[in-house]
Amino acid sequence: MRALFIGGTGTISSAITALAPQCGFELYLLNRGNRTELVPEGVKVIQADINNEEDVREKLKDMTFDVVAEFIAFDVDALKRDVRLFKGRTKQYIFISSASAYQKPLSSPFITESTPLSNPYWEYSRNKIAGEEYLMKEYRENGFPITIVRPSHTYGDFSIPTAIHGKNGSFSVIDRIRNGKKIIVHGDGSSLWTLTHNTDFAKAFVGLMGNPHAIGEAVQITSDESLTWNQIYEIIGSALGVKPQIVHIPSDILIKSNPDLMGSLLGDKSHTVIFDNSKIKRLVPGFTATVRFDQGVRSSLQYILSHKELQTPDPEFDAWTDHMIKAYETFEKLVTEFN
């Protein structure tokens with residue numbers, strides 16, 4: 001079977017790119033060619049900017065595919081472009097949406113594919129919802145063969161899952177933990193979260209590729225392991241050989257200081273979620289996530305700490321973290337003294 005990935009070298013897609021050829025797919029990646037070191041032998045790269053529609057149309061020429069998977073579309077305009085490009089060219093079009101699209105605040109922490117989609121806190125999630133609605137309309141009215149996939153917090157070699165980090169990613173948090181500096185955990189750290197290693201995600205995703213039972217369906221892919229945020233950071237610290245110095249600060253206080261956290265906290269990570277993966281297990285018989293978080297994060301940390309290019313300092317985030325911790329601890333002291 002012939003597959004085309006738009007993107008193919010990101011956190012989620014790189015693991016799928018590695019697995020799909022082992023499962024018999026003739027794989028093409030359409031991207032700018034910036035991360036060729038992540039492209040396995042035998043995978044063909046069509047170097048192009050997907051936003052340059054005419055150039056892409058010319059480079060694809062008369063090619064057809066069994067599967068086209070879109071990993072980098074974030075709004076309806078991008079999906080409309082893809083429909084123009086791939087209508088009649090593919091037997092299946094897979095759109096990567098997001099589990100953050102599910103209802104916030106939640107009416108129930110138990111998440112299935114029928115949980116309502118609504119997120120007033122995060123534009124990213126609202127764009128994914130709009131994208132899903134557009135594609136479903138194309139499927140119902142025009143027969144465009146869509147499959148929608150909703151990942152939650154998926155990680156791999158390039159970064160570790162953290163609730164709060166700066167613009168340069170998770171390394172600053174890693175560095176603070178291993179050097180005994182205090183770190184921030186939102187709320188009291190007791191809300192449950194689900195983390196999925198990208199190699200587990202890839203197994204389920206490849207099982208959906210070319211799967212006729214997945215056409216017209218939306219399906220979530222996560223592990224079945226639920227951890228509190230306190231446990232997550234304790235596991236990260238254990239892998240680093242250090243007990244993390246956690247300071248709990250309410251999410252609304254963090255957002256007042258840094259409004260950019262609104263979407264990722266109130267729109268996602270501050271809510272307890274427990275995913276029901278019955279549907280993906282029905283569509284892909286035998287699928288189960290097998291990488292426990294303590295195993296996966298240890299592997300990620302080993303990779304990050306052996307690759308200097310992933311160890312980018314973030315002095316702005318460090319300064320903000322120190323400021324917030326000092327201010328909140330001063331507040332706590334004043335409250336204690338008042339009593």
# chains A, B, ... in the order shown; residues from 1 in each chain; ligands from 1

$ select_by_dssp --residues "range 76-127 of chain A" --states "strand (DSSP E)" --output "JSON, numbers by chain"
{"A": [93, 94, 95, 96, 110, 111]}

$ residues_around --residues "range 43-47 of chain A" --least-positions-apart "6" --cutoff "6 Å" --atoms "only C-alpha atoms" --output "compact mmCIF listing (two decimals) with all heavy atoms, in the first residue's frame"
# COMPACT_ATOMS: atom_id res chain seq x y z
N LEU A 27 6.19 4.33 1.62
CA LEU A 27 5.92 5.59 2.30
C LEU A 27 6.64 6.77 1.65
O LEU A 27 7.83 6.70 1.34
CB LEU A 27 6.34 5.49 3.77
CG LEU A 27 6.08 6.72 4.65
CD1 LEU A 27 4.59 7.07 4.67
CD2 LEU A 27 6.59 6.47 6.07
N TYR A 28 5.85 7.84 1.47
CA TYR A 28 6.37 9.12 0.99
C TYR A 28 6.12 10.17 2.08
O TYR A 28 5.06 10.17 2.72
CB TYR A 28 5.66 9.56 -0.28
CG TYR A 28 5.92 8.69 -1.49
CD1 TYR A 28 5.26 7.47 -1.63
CD2 TYR A 28 6.81 9.07 -2.48
CE1 TYR A 28 5.48 6.65 -2.73
CE2 TYR A 28 7.04 8.27 -3.60
CZ TYR A 28 6.37 7.06 -3.71
OH TYR A 28 6.60 6.26 -4.80
N LEU A 29 7.07 11.07 2.27
CA LEU A 29 6.88 12.22 3.14
C LEU A 29 6.87 13.48 2.29
O LEU A 29 7.76 13.67 1.45
CB LEU A 29 8.00 12.33 4.18
CG LEU A 29 8.31 11.13 5.06
CD1 LEU A 29 9.38 11.50 6.10
CD2 LEU A 29 7.06 10.60 5.75
N LEU A 30 5.89 14.33 2.52
CA LEU A 30 5.87 15.63 1.87
C LEU A 30 6.17 16.68 2.93
O LEU A 30 5.36 16.94 3.82
CB LEU A 30 4.50 15.90 1.22
CG LEU A 30 4.44 17.05 0.22
CD1 LEU A 30 3.28 16.86 -0.76
CD2 LEU A 30 4.30 18.41 0.90
N ASN A 31 7.37 17.24 2.89
CA ASN A 31 7.76 18.27 3.85
C ASN A 31 8.90 19.10 3.27
O ASN A 31 9.29 18.91 2.12
CB ASN A 31 8.14 17.65 5.21
CG ASN A 31 9.28 16.65 5.11
OD1 ASN A 31 10.24 16.85 4.38
ND2 ASN A 31 9.17 15.55 5.86
N ARG A 32 9.42 20.01 4.08
CA ARG A 32 10.45 20.92 3.59
C ARG A 32 11.85 20.32 3.59
O ARG A 32 12.80 20.96 3.18
CB ARG A 32 10.44 22.20 4.44
CG ARG A 32 9.14 22.98 4.31
CD ARG A 32 9.13 24.19 5.21
NE ARG A 32 7.87 24.93 5.11
CZ ARG A 32 7.58 26.02 5.83
NH1 ARG A 32 8.46 26.49 6.70
NH2 ARG A 32 6.42 26.61 5.66
N GLY A 33 11.97 19.10 4.08
CA GLY A 33 13.26 18.42 4.06
C GLY A 33 14.24 18.92 5.09
O GLY A 33 15.47 18.77 4.90

$ select_by_dssp --residues "range 21-231 of chain A" --states "alpha helix (DSSP H)" --output "number ranges by chain"
A: 53-60, 76-86, 123-142, 171-178, 198-208, 229-231
